[in-house]
>>> print(open('model_22.cif').read())   # mmCIF, C-alpha atoms
data_run
#
loop_
_atom_site.label_atom_id
_atom_site.label_comp_id
_atom_site.auth_asym_id
_atom_site.auth_seq_id
_atom_site.Cartn_x
_atom_site.Cartn_y
_atom_site.Cartn_z
CA MET I 1 -13.23 22.19 4.00
CA ALA I 2 -12.19 18.98 5.68
CA LYS I 3 -10.06 16.52 3.76
CA VAL I 4 -10.28 12.79 4.29
CA LEU I 5 -7.04 11.01 3.51
CA VAL I 6 -6.44 7.27 3.45
CA VAL I 7 -2.99 5.80 4.03
CA THR I 8 -2.99 2.47 2.25
CA SER I 9 -0.64 -0.07 0.63
CA GLY I 10 -2.06 -3.57 0.22
CA LYS I 11 1.07 -5.13 1.66
CA GLY I 12 1.65 -5.16 5.40
CA GLY I 13 4.72 -3.85 7.15
CA VAL I 14 5.60 -1.15 4.62
CA GLY I 15 4.98 1.77 6.99
CA LYS I 16 1.29 2.74 6.85
CA THR I 17 0.91 3.27 10.59
CA THR I 18 4.29 5.01 10.96
CA SER I 19 3.39 7.28 8.03
CA THR I 20 -0.11 7.99 9.38
CA ALA I 21 1.37 9.07 12.73
CA ALA I 22 4.20 11.09 11.18
CA LEU I 23 2.03 12.88 8.58
CA GLY I 24 -0.78 13.46 11.08
CA ALA I 25 1.63 15.01 13.59
CA ALA I 26 3.30 17.13 10.89
CA LEU I 27 -0.06 18.50 9.70
CA ALA I 28 -1.15 19.16 13.30
CA MET I 29 2.11 21.00 14.04
CA SER I 30 1.23 23.38 11.20
CA GLY I 31 -1.88 24.31 13.19
CA ARG I 32 -4.46 22.19 11.39
CA LYS I 33 -6.96 20.18 13.42
CA VAL I 34 -6.13 16.56 12.67
CA CYS I 35 -7.70 13.24 13.64
CA VAL I 36 -5.89 10.01 12.81
CA VAL I 37 -8.26 7.04 12.62
CA ASP I 38 -7.17 3.43 13.07
CA PHE I 39 -9.17 1.15 10.75
CA ASP I 40 -7.22 -1.97 11.65
CA VAL I 41 -9.97 -3.44 13.82
CA GLY I 42 -8.66 -6.45 15.74
CA LEU I 43 -5.00 -5.51 15.27
CA ARG I 44 -4.89 -1.92 16.39
CA ASN I 45 -1.45 -0.34 16.55
CA LEU I 46 -1.82 3.34 15.80
CA ASP I 47 -2.48 3.97 19.52
CA LEU I 48 0.88 2.35 20.32
CA VAL I 49 2.83 4.26 17.67
CA MET I 50 1.19 7.49 18.88
CA GLY I 51 2.00 6.65 22.51
CA ALA I 52 -1.67 6.70 23.57
CA GLU I 53 -2.15 2.97 24.27
CA ARG I 54 -2.84 3.48 27.96
CA ARG I 55 -5.48 6.13 27.37
CA VAL I 56 -7.85 4.15 25.13
CA VAL I 57 -11.31 3.88 26.69
CA PHE I 58 -13.70 3.66 23.75
CA ASP I 59 -12.95 2.86 20.13
CA ILE I 60 -14.43 3.22 16.64
CA VAL I 61 -16.54 0.06 17.04
CA ASN I 62 -18.13 1.46 20.22
CA VAL I 63 -18.97 4.64 18.32
CA ILE I 64 -20.41 2.77 15.34
CA GLN I 65 -22.51 0.52 17.56
CA GLY I 66 -23.80 3.46 19.57
CA ASP I 67 -22.10 2.50 22.87
CA ALA I 68 -20.10 5.71 22.97
CA LYS I 69 -20.21 9.19 21.46
CA LEU I 70 -17.49 10.15 19.01
CA SER I 71 -16.26 12.85 21.40
CA GLN I 72 -15.85 10.22 24.15
CA ALA I 73 -13.74 7.94 21.96
CA ILE I 74 -11.40 10.58 20.51
CA ILE I 75 -8.11 10.93 22.41
CA ARG I 76 -6.30 14.26 22.33
CA ASP I 77 -2.54 14.05 21.90
CA LYS I 78 -0.57 15.25 24.94
CA ARG I 79 2.18 16.91 22.89
CA ILE I 80 0.29 18.60 20.08
CA GLU I 81 -3.01 20.22 20.97
CA THR I 82 -4.54 19.92 17.51
CA LEU I 83 -3.70 16.22 17.07
CA HIS I 84 -6.32 13.58 17.90
CA LEU I 85 -6.68 9.81 17.64
CA LEU I 86 -9.72 7.61 17.11
CA PRO I 87 -8.49 4.13 18.03
CA ALA I 88 -9.59 0.79 16.57
CA SER I 89 -11.02 -1.99 18.66
CA GLN I 90 -8.62 -4.70 19.79
CA THR I 91 -11.17 -7.36 20.66
CA ARG I 92 -13.62 -7.23 17.77
CA ASP I 93 -13.06 -8.15 14.14
CA LYS I 94 -13.48 -6.17 10.95
CA ASP I 95 -17.11 -7.30 10.55
CA ALA I 96 -17.97 -5.07 13.50
CA LEU I 97 -17.59 -2.10 11.12
CA SER I 98 -20.77 -1.43 9.16
CA ALA I 99 -20.66 0.57 5.93
CA GLU I 100 -23.34 2.96 7.24
CA GLY I 101 -21.58 3.30 10.61
CA VAL I 102 -18.27 4.19 8.96
CA ALA I 103 -20.02 6.72 6.71
CA ARG I 104 -21.63 8.38 9.75
CA VAL I 105 -18.36 8.53 11.73
CA ILE I 106 -16.48 10.04 8.77
CA ARG I 107 -19.28 12.60 8.27
CA GLU I 108 -19.02 13.65 11.93
CA LEU I 109 -15.22 13.79 11.79
CA ARG I 110 -15.39 16.05 8.70
CA GLU I 111 -17.37 18.57 10.76
CA LYS I 112 -14.83 18.65 13.60
CA PHE I 113 -11.45 18.43 11.84
CA ASP I 114 -9.45 19.88 8.95
CA TRP I 115 -7.77 16.55 8.20
CA VAL I 116 -9.08 13.06 8.85
CA ILE I 117 -6.33 10.51 8.22
CA CYS I 118 -7.47 6.89 7.94
CA ASP I 119 -4.84 4.25 8.63
CA SER I 120 -5.87 1.27 6.49
CA PRO I 121 -5.33 -2.35 7.48
CA ALA I 122 -3.16 -4.43 5.15
CA GLY I 123 -4.85 -6.54 2.50
CA ILE I 124 -7.60 -5.80 -0.01
CA GLU I 125 -10.52 -7.07 2.06
CA ARG I 126 -13.42 -5.29 3.73
CA GLY I 127 -11.33 -3.39 6.30
CA ALA I 128 -9.13 -1.88 3.59
CA THR I 129 -12.03 -0.99 1.29
CA LEU I 130 -13.96 0.61 4.19
CA ALA I 131 -10.91 2.69 5.13
CA MET I 132 -10.59 4.07 1.57
CA ARG I 133 -14.33 4.36 0.88
CA HIS I 134 -14.82 8.06 1.77
CA ALA I 135 -11.34 9.36 0.98
CA ASP I 136 -10.69 12.55 -1.00
CA ILE I 137 -7.02 11.73 -1.35
CA ALA I 138 -5.01 8.52 -1.01
CA VAL I 139 -1.41 8.12 0.06
CA VAL I 140 -0.09 4.84 -1.33
CA VAL I 141 2.81 3.68 0.85
CA THR I 142 5.27 1.56 -1.12
CA ASN I 143 8.68 0.05 -0.42
CA PRO I 144 11.11 -0.19 -3.36
CA GLU I 145 10.59 -3.94 -3.48
CA VAL I 146 8.70 -6.11 -6.00
CA SER I 147 5.92 -7.49 -3.77
CA SER I 148 5.13 -4.08 -2.32
CA VAL I 149 4.96 -2.47 -5.78
CA ARG I 150 2.67 -5.23 -7.07
CA ASP I 151 0.31 -4.86 -4.10
CA SER I 152 0.29 -1.07 -4.50
CA ASP I 153 -0.79 -1.57 -8.09
CA ARG I 154 -3.77 -3.63 -6.87
CA ILE I 155 -4.66 -0.99 -4.29
CA ILE I 156 -4.53 1.74 -6.95
CA GLY I 157 -7.04 -0.34 -8.94
CA LEU I 158 -9.34 -0.51 -5.91
CA LEU I 159 -8.98 3.24 -5.26
CA ASP I 160 -10.15 3.82 -8.83
CA SER I 161 -13.16 1.52 -8.54
CA LYS I 162 -14.35 0.91 -4.97
CA THR I 163 -14.36 4.43 -3.50
CA GLU I 164 -17.26 6.89 -3.35
CA LYS I 165 -15.25 9.31 -5.45
CA ALA I 166 -14.67 6.69 -8.17
CA GLU I 167 -18.34 5.70 -8.12
CA ARG I 168 -19.32 9.34 -8.68
CA GLY I 169 -17.09 9.25 -11.76
CA GLU I 170 -14.46 11.52 -10.23
CA ARG I 171 -10.75 10.90 -10.29
CA MET I 172 -9.22 9.81 -6.99
CA ASP I 173 -6.18 11.90 -6.05
CA LYS I 174 -3.47 9.30 -5.41
CA ARG I 175 0.09 10.05 -4.25
CA LEU I 176 3.03 7.75 -3.86
CA LEU I 177 4.97 7.74 -0.60
CA LEU I 178 8.12 5.71 -1.12
CA THR I 179 9.34 4.48 2.26
CA ARG I 180 12.47 2.67 3.49
CA TYR I 181 14.38 4.08 0.55
CA ASP I 182 18.14 3.61 0.50
CA SER I 183 19.56 6.05 -2.03
CA GLY I 184 22.98 4.38 -1.93
CA ARG I 185 21.62 0.96 -2.81
CA ALA I 186 19.36 2.43 -5.49
CA ALA I 187 22.32 4.24 -7.05
CA ARG I 188 24.28 0.98 -7.07
CA GLY I 189 21.43 -0.81 -8.86
CA GLU I 190 20.61 -3.02 -5.88
CA MET I 191 17.21 -1.46 -5.21
CA LEU I 192 14.40 -0.19 -7.43
CA LYS I 193 14.89 3.51 -8.10
CA THR I 194 12.24 6.14 -7.49
CA GLU I 195 11.92 6.56 -11.27
CA ASP I 196 11.30 2.82 -11.70
CA VAL I 197 8.49 2.76 -9.14
CA LEU I 198 6.96 5.98 -10.50
CA GLU I 199 7.05 4.64 -14.04
CA ILE I 200 5.42 1.36 -13.03
CA LEU I 201 2.70 2.79 -10.79
CA SER I 202 2.15 6.06 -12.74
CA ILE I 203 0.95 8.16 -9.82
CA PRO I 204 2.54 11.42 -8.65
CA LEU I 205 5.18 11.35 -5.94
CA LEU I 206 4.34 12.73 -2.51
CA GLY I 207 7.69 12.01 -0.92
CA ILE I 208 10.60 9.69 -0.34
CA ILE I 209 11.24 8.55 3.22
CA PRO I 210 14.79 7.25 3.69
CA GLU I 211 15.48 4.02 5.54
CA SER I 212 16.49 5.19 8.99
CA GLN I 213 17.04 4.01 12.53
CA ASP I 214 15.07 7.00 13.75
CA VAL I 215 11.83 5.38 12.57
CA LEU I 216 12.15 2.35 14.85
CA LYS I 217 13.29 4.59 17.68
CA ALA I 218 10.14 6.68 17.24
CA SER I 219 7.85 3.67 17.48
CA ASN I 220 9.82 2.31 20.45
CA LEU I 221 9.13 5.58 22.23
CA GLY I 222 5.54 5.96 21.05
CA THR I 223 6.31 9.34 19.51
CA PRO I 224 5.70 10.14 15.82
CA VAL I 225 9.13 10.63 14.21
CA THR I 226 8.16 14.16 13.16
CA VAL I 227 7.67 15.02 16.86
CA GLY I 228 10.41 12.97 18.54
CA SER I 229 13.30 13.52 16.10
CA PRO I 230 12.20 16.53 14.04
CA THR I 231 15.64 17.15 12.55
CA SER I 232 16.19 13.55 11.41
CA ALA I 233 16.12 12.70 7.71
CA PRO I 234 12.81 10.77 7.82
CA ALA I 235 11.12 13.51 9.87
CA ARG I 236 12.19 16.19 7.39
CA ALA I 237 10.94 14.03 4.53
CA TYR I 238 7.55 13.54 6.26
CA VAL I 239 7.25 17.26 7.01
CA ASP I 240 7.95 18.04 3.34
CA ALA I 241 5.34 15.44 2.30
CA ALA I 242 2.79 17.04 4.67
CA ARG I 243 3.52 20.46 3.18
CA ARG I 244 2.89 19.06 -0.30
CA LEU I 245 -0.43 17.66 0.95
CA ILE I 246 -1.61 21.15 1.87
CA GLY I 247 -0.64 22.37 -1.59
CA GLU I 248 2.78 23.89 -1.03
CA LYS I 249 5.46 23.44 -3.66
CA VAL I 250 8.43 21.85 -1.94
CA ASP I 251 11.54 20.79 -3.81
CA LEU I 252 12.24 17.12 -3.51
CA THR I 253 15.69 16.23 -2.35
CA LEU I 254 16.67 12.67 -1.70
CA PRO I 255 17.25 12.77 2.01
CA ASP I 256 20.16 10.77 3.28
CA ASP I 257 20.52 9.52 6.81
CA ARG I 258 24.01 10.97 6.91
CA ARG I 259 23.72 14.61 7.86
CA SER I 260 25.70 15.87 4.87
CA SER I 261 23.27 14.82 2.23
CA LEU I 262 25.46 14.46 -0.82
CA PHE I 263 22.91 12.32 -2.64
CA GLY I 264 20.23 14.86 -1.88
CA LYS I 265 22.31 17.52 -3.55
CA LEU I 266 23.28 15.34 -6.48
CA PHE I 267 19.82 13.99 -7.17
CA GLY I 268 17.70 16.94 -6.15
CA ARG I 269 14.44 17.05 -8.06
CA ARG I 270 10.91 18.32 -7.86
CA ALA I 271 7.94 16.34 -6.69
CA ALA I 272 5.12 15.86 -9.15
CA MET Y 1 33.12 -12.78 -5.02
CA SER Y 2 33.48 -13.55 -8.71
CA LEU Y 3 33.15 -10.96 -11.42
CA LEU Y 4 29.89 -12.60 -12.57
CA SER Y 5 28.21 -12.45 -9.17
CA LEU Y 6 29.29 -8.84 -8.85
CA PHE Y 7 27.58 -8.12 -12.15
CA SER Y 8 24.34 -9.95 -11.31
CA ARG Y 9 24.15 -8.13 -7.99
CA LYS Y 10 24.38 -4.85 -9.81
CA ALA Y 11 21.63 -5.77 -12.24
CA SER Y 12 19.04 -6.96 -9.71
CA ALA Y 13 17.07 -3.72 -9.58
CA GLY Y 14 16.74 -3.78 -13.37
CA VAL Y 15 15.52 -7.37 -13.23
CA ALA Y 16 12.96 -6.36 -10.59
CA ARG Y 17 11.71 -3.51 -12.77
CA ASP Y 18 11.35 -5.71 -15.87
CA ARG Y 19 9.58 -8.50 -13.98
CA LEU Y 20 7.12 -6.04 -12.47
CA GLN Y 21 6.38 -4.38 -15.79
CA ILE Y 22 5.51 -7.68 -17.45
CA LEU Y 23 3.52 -9.00 -14.49
CA LEU Y 24 1.50 -5.85 -13.98
CA SER Y 25 0.67 -5.40 -17.63
CA HIS Y 26 -1.09 -8.78 -17.32
CA GLU Y 27 -2.67 -8.21 -13.97
CA ARG Y 28 -4.13 -4.88 -15.01
CA THR Y 29 -5.93 -6.42 -17.96
CA THR Y 30 -7.15 -9.47 -16.09
CA THR Y 31 -8.18 -8.02 -12.70
CA GLY Y 32 -11.93 -7.75 -12.60
CA ARG Y 33 -12.26 -9.70 -15.83
CA SER Y 34 -11.58 -13.36 -16.32
CA ASP Y 35 -8.22 -14.40 -17.56
CA LEU Y 36 -8.30 -15.51 -21.21
CA VAL Y 37 -5.41 -17.94 -20.85
CA ALA Y 38 -7.00 -19.55 -17.80
CA ILE Y 39 -10.34 -19.91 -19.61
CA LEU Y 40 -8.65 -21.51 -22.62
CA ARG Y 41 -6.86 -23.98 -20.35
CA GLU Y 42 -10.08 -25.10 -18.65
CA GLU Y 43 -12.12 -25.31 -21.86
CA ILE Y 44 -9.46 -27.23 -23.76
CA LEU Y 45 -9.28 -29.75 -20.93
CA ALA Y 46 -13.07 -30.04 -20.83
CA VAL Y 47 -13.28 -30.77 -24.58
CA ILE Y 48 -10.66 -33.50 -24.34
CA ALA Y 49 -12.28 -35.01 -21.23
CA LYS Y 50 -15.50 -35.33 -23.23
CA HIS Y 51 -13.87 -37.78 -25.62
CA VAL Y 52 -11.25 -39.58 -23.59
CA THR Y 53 -10.82 -40.30 -19.95
CA VAL Y 54 -8.00 -38.03 -18.96
CA ASP Y 55 -5.97 -38.69 -15.87
CA ARG Y 56 -5.51 -35.22 -14.36
CA ASP Y 57 -2.03 -36.22 -13.23
CA LYS Y 58 -1.07 -36.93 -16.81
CA VAL Y 59 -1.93 -33.44 -17.93
CA GLN Y 60 0.77 -30.84 -17.93
CA VAL Y 61 -0.13 -27.26 -18.45
CA LYS Y 62 2.52 -24.64 -18.88
CA MET Y 63 1.85 -20.96 -19.15
CA ASP Y 64 4.36 -18.30 -19.97
CA ARG Y 65 3.16 -14.75 -19.82
CA GLY Y 66 5.38 -12.56 -21.90
CA GLU Y 67 5.45 -8.88 -22.65
CA SER Y 68 4.01 -9.04 -26.18
CA TYR Y 69 2.47 -12.52 -26.21
CA SER Y 70 1.73 -15.41 -23.90
CA THR Y 71 2.02 -19.10 -24.61
CA LEU Y 72 -0.19 -21.88 -23.35
CA GLU Y 73 1.23 -25.36 -23.65
CA VAL Y 74 -1.09 -28.25 -22.87
CA ASP Y 75 0.52 -31.66 -22.84
CA ILE Y 76 -2.00 -34.46 -22.44
CA GLU Y 77 -1.15 -38.10 -22.36
CA ILE Y 78 -4.02 -39.90 -24.09
CA PRO Y 79 -4.17 -43.55 -23.06
CA LEU Y 80 -4.26 -46.12 -25.85
CA PRO Y 81 -7.17 -48.54 -25.91
CA ALA Y 82 -6.37 -51.75 -23.98
CA PRO Y 83 -4.07 -53.93 -26.15
CA VAL Y 84 -5.82 -56.86 -27.87
CA LYS Y 85 -4.27 -60.23 -27.04
CA MET Y 86 -3.09 -61.95 -30.20
CA ALA Y 87 -3.97 -65.58 -30.60
CA VAL Y 88 -0.97 -67.73 -31.28
#
>>> encode(input="model_22.cif", output="structure tokens")
Amino acid sequence: MAKVLVVTSGKGGVGKTTSTAALGAALAMSGRKVCVVDFDVGLRNLDLVMGAERRVVFDIVNVIQGDAKLSQAIIRDKRIETLHLLPASQTRDKDALSAEGVARVIRELREKFDWVICDSPAGIERGATLAMRHADIAVVVTNPEVSSVRDSDRIIGLLDSKTEKAERGERMDKRLLLTRYDSGRAARGEMLKTEDVLEILSIPLLGIIPESQDVLKASNLGTPVTVGSPTSAPARAYVDAARRLIGEKVDLTLPDDRRSSLFGKLFGRRAA
Amino acid sequence: MSLLSLFSRKASAGVARDRLQILLSHERTTTGRSDLVAILREEILAVIAKHVTVDRDKVQVKMDRGESYSTLEVDIEIPLPAPVKMAV
């Protein structure tokens, strides 16, 4: 059965789009049919991070307004056959998304794909609530930094109240993806530790993505980091997170950008 | 770098954690509902405005949200009636 996943955070710039591309590519590389959906109408960027910006013809607004069929708007990735992108519109604003239209598009995507990954816009407004509305599972992307943690707490509140699952009285499956983590600084007490963020937000941990130059390089090249630099620390962390999403038990090691991961060995632990 | 600044640098993550815990314990109880301290502030000001003309600039409201209790300090300057001129 298809799973709809929302990648959300409240705060901007914490790595939602990067994580959507990296997780989507990792799931697709395991053979699953994946569609990543850009909900950031007006400020689309997932196409750029996926390297498909020159191939966008139709977008989600065209599909919702009946100007294009879903199959016409979906772009197939050139590197991974099972990876697809439904881009956002660049010229319209978020009001161009209707609640009924989004529901219909998600319903159709569920029939075609194993995983539908919705990249939420920043903020807590309409665009963000529409992106999370139909989700079965939410990945909350958080930086170990006070404003990001506070905004994630707000988003967790919305996930528990404004989604279809919450309205049916079911519990939303929420997982924390801690990004831009510097294990050295955390160990020196200069950065919130994983334990601190987990204790404050009280949701299970999906993964820890280390701060790394490979992430910027990946977006420069328009290649998800899990595809372009598969042996890098962030790519391995995203692949492990994707494996946890499909239900595998994967030990959590704190990946370090240095190849000999001493911290990973010292602080090895299991994900919740 | 002095010894003190070295120490405070070390402690910053702990400060961040404590600030977040206090802040979020408030935000979780107030989000979706109205904030009790904010309601009290507005109603207290309304009651006083009913009886005396209060210059909004002369009102100082201080709130301090703590872990176990919050304080609301309302400092209002109430103007005296115009002084009566004494006949000599």
>>> closest_atom_pairs(input="model_22.cif", of="segment 32-59 of chain I", to="segment 64-79 of chain I", cutoff="8 Å", atoms="all atoms listed in the file", output="CSV")
residue,atom,partner,partner_atom,distance
I:Ala52,CA,I:Asp77,CA,7.6
I:Arg55,CA,I:Ile75,CA,7.4
I:Val56,CA,I:Ile75,CA,7.3
I:Val57,CA,I:Ala73,CA,6.7
I:Phe58,CA,I:Ala73,CA,4.6
I:Asp59,CA,I:Ala73,CA,5.5
>>> closest_residue(input="model_22.cif", among="I:Lys11, I:Arg150, I:Arg54, I:Lys3", to="chain Y", atoms="all atoms listed in the file")
I:Arg150
>>> closest_residue(input="model_22.cif", among="Y:Gln60, Y:Ser68, Y:Ser25, Y:Thr53", to="chain I", atoms="all atoms listed in the file")
Y:Ser25
>>> atom_distance(input="model_22.cif", atom1="atom CA of Thr231 of chain I", atom2="atom CA of Glu211 of chain I")
14.9 Å
>>> closest_atom_pairs(input="model_22.cif", of="chain I", to="chain Y", cutoff="7 Å", atoms="all atoms listed in the file", output="Markdown table")
| residue | atom | partner | partner_atom | distance |
| --- | --- | --- | --- | --- |
| I:Val146 | CA | Y:Ala16 | CA | 6.3 |
| I:Arg188 | CA | Y:Lys10 | CA | 6.4 |
| I:Gly189 | CA | Y:Lys10 | CA | 5.1 |
| I:Glu190 | CA | Y:Ala13 | CA | 5.2 |
| I:Met191 | CA | Y:Ala13 | CA | 4.9 |
| I:Leu192 | CA | Y:Ala13 | CA | 4.9 |
| I:Asp196 | CA | Y:Arg17 | CA | 6.4 |
| I:Ile200 | CA | Y:Gln21 | CA | 6.4 |
>>> resolve_selection(input="model_22.cif", expression="the PyMOL selection byres ((chain Y and resi 58) around 12)", output="MDAnalysis selection string")
chainID Y and resid 45 53:57 59:61 74:79
>>> resolve_selection(input="model_22.cif", expression="the PyMOL selection byres ((chain I and resi 162-169) around 9)", output="PyMOL selection string")
chain I and resi 129-130+132-136+157-161+170-172
>>> closest_atom_pairs(input="model_22.cif", of="segment 123-177 of chain I", to="segment 18-22 of chain I", cutoff="12 Å", atoms="all atoms listed in the file", output="CSV")
residue,atom,partner,partner_atom,distance
I:Ala138,CA,I:Thr20,CA,11.5
I:Val139,CA,I:Ser19,CA,9.3
I:Val140,CA,I:Ser19,CA,10.3
I:Val141,CA,I:Ser19,CA,8.1
I:Thr142,CA,I:Ser19,CA,11.0
I:Leu176,CA,I:Ser19,CA,11.9
I:Leu177,CA,I:Ser19,CA,8.8
